[in-house]
>>> print(open('protein-v1.txt').read())   # compact mmCIF, N, CA, C and O atoms
# COMPACT_ATOMS: atom_id res chain seq x y z
N MET A 23 -132.79 -52.20 42.01
CA MET A 23 -132.65 -51.25 40.91
C MET A 23 -132.69 -49.83 41.48
O MET A 23 -133.58 -49.49 42.25
N PRO A 24 -131.73 -49.00 41.08
CA PRO A 24 -131.69 -47.64 41.63
C PRO A 24 -132.83 -46.77 41.09
O PRO A 24 -133.32 -46.98 39.98
N ASP A 25 -133.23 -45.79 41.89
CA ASP A 25 -134.24 -44.83 41.46
C ASP A 25 -133.63 -43.80 40.51
O ASP A 25 -134.32 -43.24 39.66
N ILE A 26 -132.33 -43.53 40.69
CA ILE A 26 -131.62 -42.58 39.85
C ILE A 26 -130.37 -43.26 39.33
O ILE A 26 -129.60 -43.85 40.10
N LEU A 27 -130.15 -43.15 38.03
CA LEU A 27 -128.95 -43.67 37.39
C LEU A 27 -128.45 -42.62 36.41
O LEU A 27 -129.17 -42.24 35.48
N ILE A 28 -127.24 -42.13 36.63
CA ILE A 28 -126.64 -41.12 35.77
C ILE A 28 -125.26 -41.62 35.37
O ILE A 28 -124.45 -41.96 36.23
N GLU A 29 -125.01 -41.66 34.07
CA GLU A 29 -123.70 -42.06 33.57
C GLU A 29 -123.18 -40.98 32.64
O GLU A 29 -123.91 -40.47 31.80
N ARG A 30 -121.91 -40.65 32.81
CA ARG A 30 -121.26 -39.68 31.95
C ARG A 30 -119.90 -40.23 31.55
O ARG A 30 -119.15 -40.72 32.38
N LYS A 31 -119.59 -40.11 30.26
CA LYS A 31 -118.26 -40.43 29.76
C LYS A 31 -117.44 -39.14 29.76
O LYS A 31 -118.00 -38.05 29.59
N HIS A 32 -116.14 -39.28 29.92
CA HIS A 32 -115.26 -38.11 29.92
C HIS A 32 -113.88 -38.51 29.41
O HIS A 32 -113.61 -39.70 29.20
N THR A 33 -113.04 -37.52 29.24
CA THR A 33 -111.67 -37.74 28.76
C THR A 33 -110.65 -37.24 29.77
O THR A 33 -109.55 -36.83 29.40
N LEU A 34 -110.99 -37.26 31.04
CA LEU A 34 -110.16 -36.66 32.08
C LEU A 34 -108.97 -37.50 32.52
O LEU A 34 -107.98 -36.96 32.98
N GLY A 35 -109.09 -38.79 32.46
CA GLY A 35 -108.12 -39.64 33.12
C GLY A 35 -108.49 -39.75 34.59
O GLY A 35 -109.30 -38.96 35.12
N ILE A 36 -107.91 -40.68 35.29
CA ILE A 36 -108.32 -40.95 36.67
C ILE A 36 -107.97 -39.83 37.64
O ILE A 36 -108.76 -39.49 38.51
N ALA A 37 -106.81 -39.21 37.49
CA ALA A 37 -106.40 -38.16 38.44
C ALA A 37 -107.35 -36.96 38.41
O ALA A 37 -107.83 -36.50 39.44
N SER A 38 -107.66 -36.47 37.22
CA SER A 38 -108.57 -35.33 37.11
C SER A 38 -110.00 -35.72 37.43
O SER A 38 -110.76 -34.92 37.99
N ALA A 39 -110.37 -36.95 37.09
CA ALA A 39 -111.71 -37.42 37.44
C ALA A 39 -111.89 -37.46 38.95
O ALA A 39 -112.97 -37.14 39.46
N ARG A 40 -110.85 -37.84 39.66
CA ARG A 40 -110.91 -37.82 41.13
C ARG A 40 -111.15 -36.41 41.65
O ARG A 40 -111.93 -36.21 42.59
N GLU A 41 -110.49 -35.43 41.06
CA GLU A 41 -110.68 -34.03 41.48
C GLU A 41 -112.13 -33.61 41.29
O GLU A 41 -112.72 -32.99 42.17
N VAL A 42 -112.70 -33.94 40.14
CA VAL A 42 -114.10 -33.60 39.86
C VAL A 42 -115.01 -34.30 40.85
O VAL A 42 -115.94 -33.70 41.41
N ALA A 43 -114.76 -35.58 41.10
CA ALA A 43 -115.59 -36.34 42.04
C ALA A 43 -115.51 -35.73 43.44
O ALA A 43 -116.53 -35.60 44.12
N ARG A 44 -114.34 -35.34 43.87
CA ARG A 44 -114.19 -34.74 45.20
C ARG A 44 -114.90 -33.38 45.28
O ARG A 44 -115.49 -33.04 46.31
N GLN A 45 -114.87 -32.61 44.20
CA GLN A 45 -115.60 -31.34 44.17
C GLN A 45 -117.10 -31.60 44.28
O GLN A 45 -117.81 -30.89 45.01
N TRP A 46 -117.58 -32.60 43.54
CA TRP A 46 -119.00 -32.93 43.59
C TRP A 46 -119.39 -33.35 45.00
O TRP A 46 -120.43 -32.94 45.52
N ILE A 47 -118.56 -34.17 45.63
CA ILE A 47 -118.83 -34.63 46.99
C ILE A 47 -118.92 -33.44 47.95
O ILE A 47 -119.83 -33.37 48.77
N GLN A 48 -117.98 -32.50 47.84
CA GLN A 48 -118.03 -31.32 48.71
C GLN A 48 -119.33 -30.56 48.52
O GLN A 48 -119.95 -30.11 49.49
N GLN A 49 -119.77 -30.42 47.27
CA GLN A 49 -121.03 -29.72 47.00
C GLN A 49 -122.21 -30.40 47.66
O GLN A 49 -123.02 -29.75 48.31
N VAL A 50 -122.34 -31.72 47.48
CA VAL A 50 -123.52 -32.39 48.01
C VAL A 50 -123.47 -32.51 49.53
O VAL A 50 -124.52 -32.51 50.17
N GLU A 51 -122.28 -32.57 50.09
CA GLU A 51 -122.19 -32.57 51.56
C GLU A 51 -122.70 -31.25 52.12
O GLU A 51 -123.47 -31.22 53.07
N GLN A 52 -122.28 -30.15 51.49
CA GLN A 52 -122.68 -28.82 51.96
C GLN A 52 -124.14 -28.52 51.64
O GLN A 52 -124.88 -28.04 52.48
N ASP A 53 -124.54 -28.80 50.41
CA ASP A 53 -125.88 -28.42 49.96
C ASP A 53 -126.99 -29.31 50.50
O ASP A 53 -128.11 -28.85 50.73
N TYR A 54 -126.71 -30.61 50.68
CA TYR A 54 -127.77 -31.55 51.02
C TYR A 54 -127.53 -32.32 52.31
O TYR A 54 -128.34 -33.16 52.68
N GLY A 55 -126.42 -32.04 52.98
CA GLY A 55 -126.16 -32.73 54.23
C GLY A 55 -125.89 -34.22 54.08
O GLY A 55 -126.11 -34.99 55.01
N LEU A 56 -125.39 -34.62 52.92
CA LEU A 56 -125.06 -36.03 52.71
C LEU A 56 -123.75 -36.37 53.41
O LEU A 56 -122.84 -35.55 53.46
N GLU A 57 -123.68 -37.56 53.94
CA GLU A 57 -122.44 -38.07 54.50
C GLU A 57 -121.78 -38.90 53.42
O GLU A 57 -122.40 -39.80 52.84
N CYS A 58 -120.52 -38.59 53.11
CA CYS A 58 -119.84 -39.24 52.00
C CYS A 58 -118.53 -39.87 52.45
O CYS A 58 -117.85 -39.33 53.31
N THR A 59 -118.20 -40.98 51.83
CA THR A 59 -116.88 -41.58 51.98
C THR A 59 -116.34 -41.79 50.57
O THR A 59 -117.09 -42.01 49.63
N TYR A 60 -115.03 -41.71 50.45
CA TYR A 60 -114.39 -41.85 49.14
C TYR A 60 -113.24 -42.83 49.27
O TYR A 60 -112.36 -42.65 50.10
N THR A 61 -113.25 -43.86 48.44
CA THR A 61 -112.23 -44.89 48.48
C THR A 61 -111.55 -44.96 47.11
O THR A 61 -112.23 -45.21 46.11
N GLU A 62 -110.25 -44.71 47.09
CA GLU A 62 -109.50 -44.78 45.85
C GLU A 62 -109.07 -46.22 45.58
O GLU A 62 -108.66 -46.93 46.48
N GLY A 63 -109.15 -46.61 44.33
CA GLY A 63 -108.65 -47.89 43.87
C GLY A 63 -107.65 -47.67 42.77
O GLY A 63 -107.39 -46.53 42.36
N LYS A 64 -107.09 -48.72 42.26
CA LYS A 64 -106.10 -48.59 41.20
C LYS A 64 -106.73 -48.05 39.92
O LYS A 64 -106.24 -47.09 39.33
N ASP A 65 -107.81 -48.67 39.47
CA ASP A 65 -108.47 -48.28 38.23
C ASP A 65 -109.87 -47.71 38.42
O ASP A 65 -110.49 -47.25 37.47
N ARG A 66 -110.37 -47.78 39.65
CA ARG A 66 -111.74 -47.37 39.92
C ARG A 66 -111.84 -46.87 41.35
O ARG A 66 -111.33 -47.50 42.27
N ASP A 67 -112.49 -45.73 41.52
CA ASP A 67 -112.76 -45.19 42.85
C ASP A 67 -114.25 -45.34 43.12
O ASP A 67 -115.06 -45.39 42.19
N LEU A 68 -114.60 -45.35 44.39
CA LEU A 68 -116.00 -45.47 44.76
C LEU A 68 -116.31 -44.47 45.87
O LEU A 68 -115.67 -44.48 46.92
N ALA A 69 -117.27 -43.61 45.60
CA ALA A 69 -117.78 -42.69 46.61
C ALA A 69 -119.14 -43.21 47.04
O ALA A 69 -119.96 -43.57 46.21
N GLN A 70 -119.36 -43.26 48.34
CA GLN A 70 -120.66 -43.67 48.88
C GLN A 70 -121.25 -42.48 49.62
O GLN A 70 -120.53 -41.77 50.32
N PHE A 71 -122.56 -42.27 49.44
CA PHE A 71 -123.21 -41.16 50.11
C PHE A 71 -124.54 -41.61 50.69
O PHE A 71 -125.17 -42.54 50.19
N SER A 72 -124.94 -40.93 51.78
CA SER A 72 -126.21 -41.29 52.41
C SER A 72 -126.68 -40.18 53.33
O SER A 72 -125.91 -39.31 53.74
N ARG A 73 -127.93 -40.23 53.62
CA ARG A 73 -128.63 -39.46 54.64
C ARG A 73 -130.03 -40.03 54.70
O ARG A 73 -130.38 -40.89 53.89
N ALA A 74 -130.81 -39.59 55.62
CA ALA A 74 -132.17 -40.11 55.70
C ALA A 74 -132.88 -39.88 54.37
O ALA A 74 -132.96 -38.77 53.88
N GLY A 75 -133.32 -40.96 53.74
CA GLY A 75 -134.09 -40.85 52.51
C GLY A 75 -133.32 -41.03 51.22
O GLY A 75 -133.92 -41.06 50.15
N ILE A 76 -131.98 -41.14 51.29
CA ILE A 76 -131.21 -41.34 50.07
C ILE A 76 -129.90 -42.06 50.38
O ILE A 76 -129.24 -41.75 51.37
N ASP A 77 -129.58 -43.03 49.56
CA ASP A 77 -128.32 -43.76 49.64
C ASP A 77 -127.83 -43.97 48.22
O ASP A 77 -128.64 -44.20 47.31
N GLY A 78 -126.52 -43.91 48.03
CA GLY A 78 -126.03 -44.15 46.69
C GLY A 78 -124.53 -44.24 46.59
O GLY A 78 -123.81 -44.13 47.59
N THR A 79 -124.09 -44.43 45.35
CA THR A 79 -122.67 -44.53 45.05
C THR A 79 -122.36 -43.76 43.77
O THR A 79 -123.22 -43.56 42.92
N VAL A 80 -121.10 -43.34 43.69
CA VAL A 80 -120.55 -42.80 42.46
C VAL A 80 -119.30 -43.59 42.16
O VAL A 80 -118.37 -43.63 42.97
N GLU A 81 -119.29 -44.25 41.01
CA GLU A 81 -118.12 -44.98 40.56
C GLU A 81 -117.36 -44.07 39.59
O GLU A 81 -117.95 -43.54 38.65
N VAL A 82 -116.07 -43.91 39.84
CA VAL A 82 -115.23 -43.02 39.05
C VAL A 82 -114.13 -43.84 38.39
O VAL A 82 -113.40 -44.56 39.08
N THR A 83 -114.03 -43.74 37.07
CA THR A 83 -112.93 -44.38 36.35
C THR A 83 -112.25 -43.32 35.49
O THR A 83 -112.68 -42.17 35.44
N ALA A 84 -111.22 -43.73 34.78
CA ALA A 84 -110.50 -42.81 33.90
C ALA A 84 -111.37 -42.29 32.77
O ALA A 84 -111.05 -41.28 32.15
N HIS A 85 -112.51 -42.96 32.52
CA HIS A 85 -113.35 -42.59 31.38
C HIS A 85 -114.83 -42.38 31.69
O HIS A 85 -115.57 -41.92 30.83
N THR A 86 -115.27 -42.73 32.91
CA THR A 86 -116.70 -42.63 33.21
C THR A 86 -116.97 -42.20 34.65
O THR A 86 -116.16 -42.42 35.54
N PHE A 87 -118.14 -41.61 34.83
CA PHE A 87 -118.76 -41.41 36.14
C PHE A 87 -120.08 -42.16 36.08
O PHE A 87 -120.82 -42.02 35.12
N LYS A 88 -120.38 -42.92 37.11
CA LYS A 88 -121.66 -43.62 37.17
C LYS A 88 -122.24 -43.42 38.57
O LYS A 88 -121.65 -43.86 39.56
N LEU A 89 -123.36 -42.75 38.64
CA LEU A 89 -124.03 -42.48 39.90
C LEU A 89 -125.29 -43.32 39.97
O LEU A 89 -126.08 -43.34 39.02
N GLU A 90 -125.46 -44.00 41.08
CA GLU A 90 -126.69 -44.75 41.36
C GLU A 90 -127.19 -44.32 42.72
O GLU A 90 -126.40 -44.24 43.67
N ALA A 91 -128.48 -44.04 42.81
CA ALA A 91 -129.06 -43.63 44.09
C ALA A 91 -130.41 -44.30 44.29
O ALA A 91 -131.19 -44.46 43.35
N THR A 92 -130.65 -44.67 45.52
CA THR A 92 -131.93 -45.22 45.93
C THR A 92 -132.59 -44.22 46.86
O THR A 92 -131.95 -43.76 47.82
N LEU A 93 -133.82 -43.88 46.57
CA LEU A 93 -134.55 -42.88 47.35
C LEU A 93 -135.54 -43.54 48.28
O LEU A 93 -136.16 -44.54 47.93
N GLY A 94 -135.70 -42.94 49.46
CA GLY A 94 -136.73 -43.38 50.39
C GLY A 94 -138.10 -42.97 49.89
O GLY A 94 -138.25 -42.17 48.96
N PHE A 95 -139.11 -43.51 50.50
CA PHE A 95 -140.49 -43.30 50.09
C PHE A 95 -140.85 -41.83 49.91
O PHE A 95 -141.47 -41.43 48.92
N LEU A 96 -140.45 -40.98 50.85
CA LEU A 96 -140.82 -39.56 50.79
C LEU A 96 -140.17 -38.83 49.63
O LEU A 96 -140.67 -37.81 49.16
N PHE A 97 -139.02 -39.32 49.14
CA PHE A 97 -138.31 -38.64 48.06
C PHE A 97 -138.64 -39.18 46.67
O PHE A 97 -138.30 -38.54 45.67
N THR A 98 -139.28 -40.32 46.58
CA THR A 98 -139.50 -40.93 45.26
C THR A 98 -140.36 -40.05 44.35
O THR A 98 -140.15 -40.04 43.14
N SER A 99 -141.27 -39.30 44.90
CA SER A 99 -142.11 -38.44 44.06
C SER A 99 -141.31 -37.26 43.49
O SER A 99 -141.75 -36.62 42.55
N PHE A 100 -140.13 -37.01 44.04
CA PHE A 100 -139.27 -35.93 43.55
C PHE A 100 -138.07 -36.45 42.77
O PHE A 100 -137.13 -35.70 42.51
N SER A 101 -138.09 -37.72 42.40
CA SER A 101 -136.90 -38.33 41.79
C SER A 101 -136.47 -37.62 40.50
O SER A 101 -135.28 -37.44 40.26
N GLN A 102 -137.41 -37.19 39.68
CA GLN A 102 -137.04 -36.52 38.43
C GLN A 102 -136.33 -35.19 38.71
O GLN A 102 -135.31 -34.89 38.08
N GLN A 103 -136.84 -34.41 39.65
CA GLN A 103 -136.20 -33.13 39.98
C GLN A 103 -134.82 -33.35 40.61
O GLN A 103 -133.88 -32.61 40.31
N ILE A 104 -134.71 -34.35 41.46
CA ILE A 104 -133.43 -34.65 42.10
C ILE A 104 -132.42 -35.08 41.04
O ILE A 104 -131.28 -34.62 41.02
N GLU A 105 -132.84 -35.95 40.12
CA GLU A 105 -131.95 -36.42 39.06
C GLU A 105 -131.49 -35.26 38.17
O GLU A 105 -130.32 -35.17 37.82
N GLN A 106 -132.39 -34.36 37.83
CA GLN A 106 -132.04 -33.22 37.00
C GLN A 106 -131.02 -32.32 37.69
O GLN A 106 -130.06 -31.86 37.07
N LYS A 107 -131.22 -32.08 38.98
CA LYS A 107 -130.30 -31.21 39.72
C LYS A 107 -128.92 -31.87 39.82
O LYS A 107 -127.90 -31.21 39.62
N ILE A 108 -128.87 -33.15 40.13
CA ILE A 108 -127.59 -33.87 40.22
C ILE A 108 -126.90 -33.83 38.85
O ILE A 108 -125.69 -33.58 38.77
N SER A 109 -127.64 -34.06 37.79
CA SER A 109 -127.06 -34.04 36.44
C SER A 109 -126.48 -32.68 36.10
O SER A 109 -125.37 -32.58 35.58
N ARG A 110 -127.22 -31.62 36.40
CA ARG A 110 -126.72 -30.27 36.12
C ARG A 110 -125.44 -29.99 36.89
O ARG A 110 -124.49 -29.42 36.34
N ASN A 111 -125.41 -30.36 38.18
CA ASN A 111 -124.21 -30.12 38.99
C ASN A 111 -123.01 -30.88 38.45
O ASN A 111 -121.91 -30.32 38.32
N LEU A 112 -123.19 -32.15 38.13
CA LEU A 112 -122.10 -32.96 37.60
C LEU A 112 -121.65 -32.45 36.24
O LEU A 112 -120.46 -32.32 35.98
N ASP A 113 -122.60 -32.12 35.38
CA ASP A 113 -122.25 -31.60 34.05
C ASP A 113 -121.47 -30.29 34.16
O ASP A 113 -120.51 -30.08 33.42
N ALA A 114 -121.86 -29.42 35.07
CA ALA A 114 -121.14 -28.16 35.25
C ALA A 114 -119.70 -28.41 35.68
O ALA A 114 -118.78 -27.74 35.20
N LEU A 115 -119.49 -29.36 36.56
CA LEU A 115 -118.13 -29.68 36.99
C LEU A 115 -117.32 -30.28 35.85
O LEU A 115 -116.13 -29.97 35.69
N LEU A 116 -117.93 -31.11 35.05
CA LEU A 116 -117.23 -31.72 33.92
C LEU A 116 -116.90 -30.71 32.83
O LEU A 116 -115.89 -30.84 32.13
N GLU A 117 -117.72 -29.70 32.69
CA GLU A 117 -117.51 -28.70 31.64
C GLU A 117 -116.61 -27.56 32.09
O GLU A 117 -116.20 -26.74 31.28
N ALA A 118 -116.29 -27.49 33.38
CA ALA A 118 -115.41 -26.45 33.91
C ALA A 118 -114.00 -26.67 33.37
O ALA A 118 -113.67 -27.76 32.91
N PRO A 119 -113.15 -25.64 33.42
CA PRO A 119 -111.76 -25.85 33.02
C PRO A 119 -111.20 -27.06 33.76
O PRO A 119 -111.47 -27.24 34.94
N LYS A 120 -110.45 -27.87 33.11
CA LYS A 120 -109.93 -29.14 33.61
C LYS A 120 -111.02 -30.21 33.63
O LYS A 120 -110.75 -31.35 33.95
N GLY A 121 -112.26 -29.83 33.34
CA GLY A 121 -113.35 -30.78 33.46
C GLY A 121 -113.40 -31.82 32.38
O GLY A 121 -113.58 -32.97 32.67
N GLY A 122 -113.24 -31.44 31.15
CA GLY A 122 -113.27 -32.46 30.10
C GLY A 122 -114.50 -32.30 29.24
O GLY A 122 -115.25 -31.35 29.35
N THR A 123 -114.72 -33.25 28.41
CA THR A 123 -115.81 -33.23 27.45
C THR A 123 -116.89 -34.20 27.87
O THR A 123 -116.61 -35.32 28.23
N ARG A 124 -118.11 -33.75 27.79
CA ARG A 124 -119.24 -34.62 28.12
C ARG A 124 -119.70 -35.33 26.87
O ARG A 124 -119.91 -34.71 25.84
N PHE A 125 -119.84 -36.64 26.93
CA PHE A 125 -120.27 -37.43 25.79
C PHE A 125 -121.66 -37.99 25.96
O PHE A 125 -122.28 -38.37 25.00
N ALA A 126 -122.15 -38.15 27.17
CA ALA A 126 -123.44 -38.82 27.36
C ALA A 126 -124.53 -37.81 27.61
O ALA A 126 -124.31 -36.71 27.99
>>> encode(input="protein-v1.txt", output="structure tokens")
Amino acid sequence: MPDILIERKHTLGIASAREVARQWIQQVEQDYGLECTYTEGKDRDLAQFSRAGIDGTVEVTAHTFKLEATLGFLFTSFSQQIEQKISRNLDALLEAPKGGTRFA
């Protein structure tokens, strides 16, 4: 079971959702030193991220973003703050022009 679970519905379609996901990935790579890989699929993309103390995935579809992250022992006491920051960053990207409407 993940320590952090964030789900957002959107109306972007897969192409624009990919753009938002790639922007989010660039942010977390720069801000937190996460190593990320991004794999496109026909109906679903999967981004994987990791660094010491955190591992996770972001599933991107034409209608949803779903982030799951598992935290190492040292980060678990900060899980609420980490989740809030990730949520704010993702919500800001979704609300930006071309971002779409947040439903969740």
>>> atom_distance(input="protein-v1.txt", atom1="CA of Ala91 in chain A", atom2="CA of Ala69 in chain A")
11.6 Å
>>> residues_around(input="protein-v1.txt", residues="Asp25 in chain A", least_positions_apart="5", cutoff="10 Å", atoms="only C-alpha atoms", output="list in words")
Ile76, Gly78, Glu90, Ala91, Thr92, Leu93, Gly94, Phe97, Thr98, Ser101, Gln102 and Glu105 of chain A
>>> closest_residue(input="protein-v1.txt", among="A:Leu96, A:Phe87, A:Val82, A:Gln70", to="Val50 in chain A", atoms="only C-alpha atoms")
A:Gln70
>>> closest_residue(input="protein-v1.txt", among="A:Asp113, A:Glu29, A:Glu51, A:Glu62", to="Lys88 in chain A", atoms="only N, CA, C and O atoms")
A:Glu29
>>> select_by_dssp(input="protein-v1.txt", residues="range 24-108 of chain A", states="strand (DSSP E)", output="compact mmCIF listing (two decimals) with N, CA, C and O atoms, in the frame of the given file")
# COMPACT_ATOMS: atom_id res chain seq x y z
N ILE A 26 -132.33 -43.53 40.69
CA ILE A 26 -131.62 -42.58 39.85
C ILE A 26 -130.37 -43.26 39.33
O ILE A 26 -129.60 -43.85 40.10
N LEU A 27 -130.15 -43.15 38.03
CA LEU A 27 -128.95 -43.67 37.39
C LEU A 27 -128.45 -42.62 36.41
O LEU A 27 -129.17 -42.24 35.48
N ILE A 28 -127.24 -42.13 36.63
CA ILE A 28 -126.64 -41.12 35.77
C ILE A 28 -125.26 -41.62 35.37
O ILE A 28 -124.45 -41.96 36.23
N GLU A 29 -125.01 -41.66 34.07
CA GLU A 29 -123.70 -42.06 33.57
C GLU A 29 -123.18 -40.98 32.64
O GLU A 29 -123.91 -40.47 31.80
N ARG A 30 -121.91 -40.65 32.81
CA ARG A 30 -121.26 -39.68 31.95
C ARG A 30 -119.90 -40.23 31.55
O ARG A 30 -119.15 -40.72 32.38
N LYS A 31 -119.59 -40.11 30.26
CA LYS A 31 -118.26 -40.43 29.76
C LYS A 31 -117.44 -39.14 29.76
O LYS A 31 -118.00 -38.05 29.59
N GLU A 57 -123.68 -37.56 53.94
CA GLU A 57 -122.44 -38.07 54.50
C GLU A 57 -121.78 -38.90 53.42
O GLU A 57 -122.40 -39.80 52.84
N CYS A 58 -120.52 -38.59 53.11
CA CYS A 58 -119.84 -39.24 52.00
C CYS A 58 -118.53 -39.87 52.45
O CYS A 58 -117.85 -39.33 53.31
N THR A 59 -118.20 -40.98 51.83
CA THR A 59 -116.88 -41.58 51.98
C THR A 59 -116.34 -41.79 50.57
O THR A 59 -117.09 -42.01 49.63
N TYR A 60 -115.03 -41.71 50.45
CA TYR A 60 -114.39 -41.85 49.14
C TYR A 60 -113.24 -42.83 49.27
O TYR A 60 -112.36 -42.65 50.10
N THR A 61 -113.25 -43.86 48.44
CA THR A 61 -112.23 -44.89 48.48
C THR A 61 -111.55 -44.96 47.11
O THR A 61 -112.23 -45.21 46.11
N ARG A 66 -110.37 -47.78 39.65
CA ARG A 66 -111.74 -47.37 39.92
C ARG A 66 -111.84 -46.87 41.35
O ARG A 66 -111.33 -47.50 42.27
N ASP A 67 -112.49 -45.73 41.52
CA ASP A 67 -112.76 -45.19 42.85
C ASP A 67 -114.25 -45.34 43.12
O ASP A 67 -115.06 -45.39 42.19
N LEU A 68 -114.60 -45.35 44.39
CA LEU A 68 -116.00 -45.47 44.76
C LEU A 68 -116.31 -44.47 45.87
O LEU A 68 -115.67 -44.48 46.92
N ALA A 69 -117.27 -43.61 45.60
CA ALA A 69 -117.78 -42.69 46.61
C ALA A 69 -119.14 -43.21 47.04
O ALA A 69 -119.96 -43.57 46.21
N GLN A 70 -119.36 -43.26 48.34
CA GLN A 70 -120.66 -43.67 48.88
C GLN A 70 -121.25 -42.48 49.62
O GLN A 70 -120.53 -41.77 50.32
N PHE A 71 -122.56 -42.27 49.44
CA PHE A 71 -123.21 -41.16 50.11
C PHE A 71 -124.54 -41.61 50.69
O PHE A 71 -125.17 -42.54 50.19
N SER A 72 -124.94 -40.93 51.78
CA SER A 72 -126.21 -41.29 52.41
C SER A 72 -126.68 -40.18 53.33
O SER A 72 -125.91 -39.31 53.74
N ARG A 73 -127.93 -40.23 53.62
CA ARG A 73 -128.63 -39.46 54.64
C ARG A 73 -130.03 -40.03 54.70
O ARG A 73 -130.38 -40.89 53.89
N ILE A 76 -131.98 -41.14 51.29
CA ILE A 76 -131.21 -41.34 50.07
C ILE A 76 -129.90 -42.06 50.38
O ILE A 76 -129.24 -41.75 51.37
N ASP A 77 -129.58 -43.03 49.56
CA ASP A 77 -128.32 -43.76 49.64
C ASP A 77 -127.83 -43.97 48.22
O ASP A 77 -128.64 -44.20 47.31
N GLY A 78 -126.52 -43.91 48.03
CA GLY A 78 -126.03 -44.15 46.69
C GLY A 78 -124.53 -44.24 46.59
O GLY A 78 -123.81 -44.13 47.59
N THR A 79 -124.09 -44.43 45.35
CA THR A 79 -122.67 -44.53 45.05
C THR A 79 -122.36 -43.76 43.77
O THR A 79 -123.22 -43.56 42.92
N VAL A 80 -121.10 -43.34 43.69
CA VAL A 80 -120.55 -42.80 42.46
C VAL A 80 -119.30 -43.59 42.16
O VAL A 80 -118.37 -43.63 42.97
N GLU A 81 -119.29 -44.25 41.01
CA GLU A 81 -118.12 -44.98 40.56
C GLU A 81 -117.36 -44.07 39.59
O GLU A 81 -117.95 -43.54 38.65
N VAL A 82 -116.07 -43.91 39.84
CA VAL A 82 -115.23 -43.02 39.05
C VAL A 82 -114.13 -43.84 38.39
O VAL A 82 -113.40 -44.56 39.08
N THR A 83 -114.03 -43.74 37.07
CA THR A 83 -112.93 -44.38 36.35
C THR A 83 -112.25 -43.32 35.49
O THR A 83 -112.68 -42.17 35.44
N THR A 86 -115.27 -42.73 32.91
CA THR A 86 -116.70 -42.63 33.21
C THR A 86 -116.97 -42.20 34.65
O THR A 86 -116.16 -42.42 35.54
N PHE A 87 -118.14 -41.61 34.83
CA PHE A 87 -118.76 -41.41 36.14
C PHE A 87 -120.08 -42.16 36.08
O PHE A 87 -120.82 -42.02 35.12
N LYS A 88 -120.38 -42.92 37.11
CA LYS A 88 -121.66 -43.62 37.17
C LYS A 88 -122.24 -43.42 38.57
O LYS A 88 -121.65 -43.86 39.56
N LEU A 89 -123.36 -42.75 38.64
CA LEU A 89 -124.03 -42.48 39.90
C LEU A 89 -125.29 -43.32 39.97
O LEU A 89 -126.08 -43.34 39.02
N GLU A 90 -125.46 -44.00 41.08
CA GLU A 90 -126.69 -44.75 41.36
C GLU A 90 -127.19 -44.32 42.72
O GLU A 90 -126.40 -44.24 43.67
N ALA A 91 -128.48 -44.04 42.81
CA ALA A 91 -129.06 -43.63 44.09
C ALA A 91 -130.41 -44.30 44.29
O ALA A 91 -131.19 -44.46 43.35
N THR A 92 -130.65 -44.67 45.52
CA THR A 92 -131.93 -45.22 45.93
C THR A 92 -132.59 -44.22 46.86
O THR A 92 -131.95 -43.76 47.82
N LEU A 93 -133.82 -43.88 46.57
CA LEU A 93 -134.55 -42.88 47.35
C LEU A 93 -135.54 -43.54 48.28
O LEU A 93 -136.16 -44.54 47.93
>>> atom_distance(input="protein-v1.txt", atom1="CA of Arg73 in chain A", atom2="CA of Leu56 in chain A")
5.3 Å
>>> atom_distance(input="protein-v1.txt", atom1="atom N of Ile26 in chain A", atom2="atom O of Thr79 in chain A")
9.4 Å
>>> closest_residue(input="protein-v1.txt", among="A:Gln103, A:Gln52, A:Gln45, A:Thr83", to="Asp65 in chain A", atoms="only C-alpha atoms")
A:Thr83
>>> closest_residue(input="protein-v1.txt", among="A:Arg66, A:His85, A:Arg30, A:Arg40", to="Leu112 in chain A", atoms="only C-alpha atoms")
A:Arg30
>>> closest_residue(input="protein-v1.txt", among="A:Val80, A:Ile36, A:Ile47, A:Leu89", to="Gly63 in chain A", atoms="only C-alpha atoms")
A:Ile36
>>> select_by_dssp(input="protein-v1.txt", residues="range 28-112 of chain A", states="alpha helix (DSSP H)", output="JSON, numbers by chain")
{"A": [35, 36, 37, 38, 39, 40, 41, 42, 43, 44, 45, 46, 47, 48, 49, 50, 51, 52, 53, 54, 95, 96, 97, 98, 101, 102, 103, 104, 105, 106, 107, 108, 109, 110, 111, 112]}
>>> axis_aligned_box(input="protein-v1.txt", around="range 29-39 of chain A", padding_each_side="8 Å", output="JSON")
{"center_x": -115.7, "center_y": -38.5, "center_z": 34.1, "size_x": 34.6, "size_y": 23.1, "size_z": 26.7}
>>> closest_residue(input="protein-v1.txt", among="A:Asp77, A:Ser72, A:Thr86, A:Ile104", to="Lys31 in chain A", atoms="only C-alpha atoms")
A:Thr86
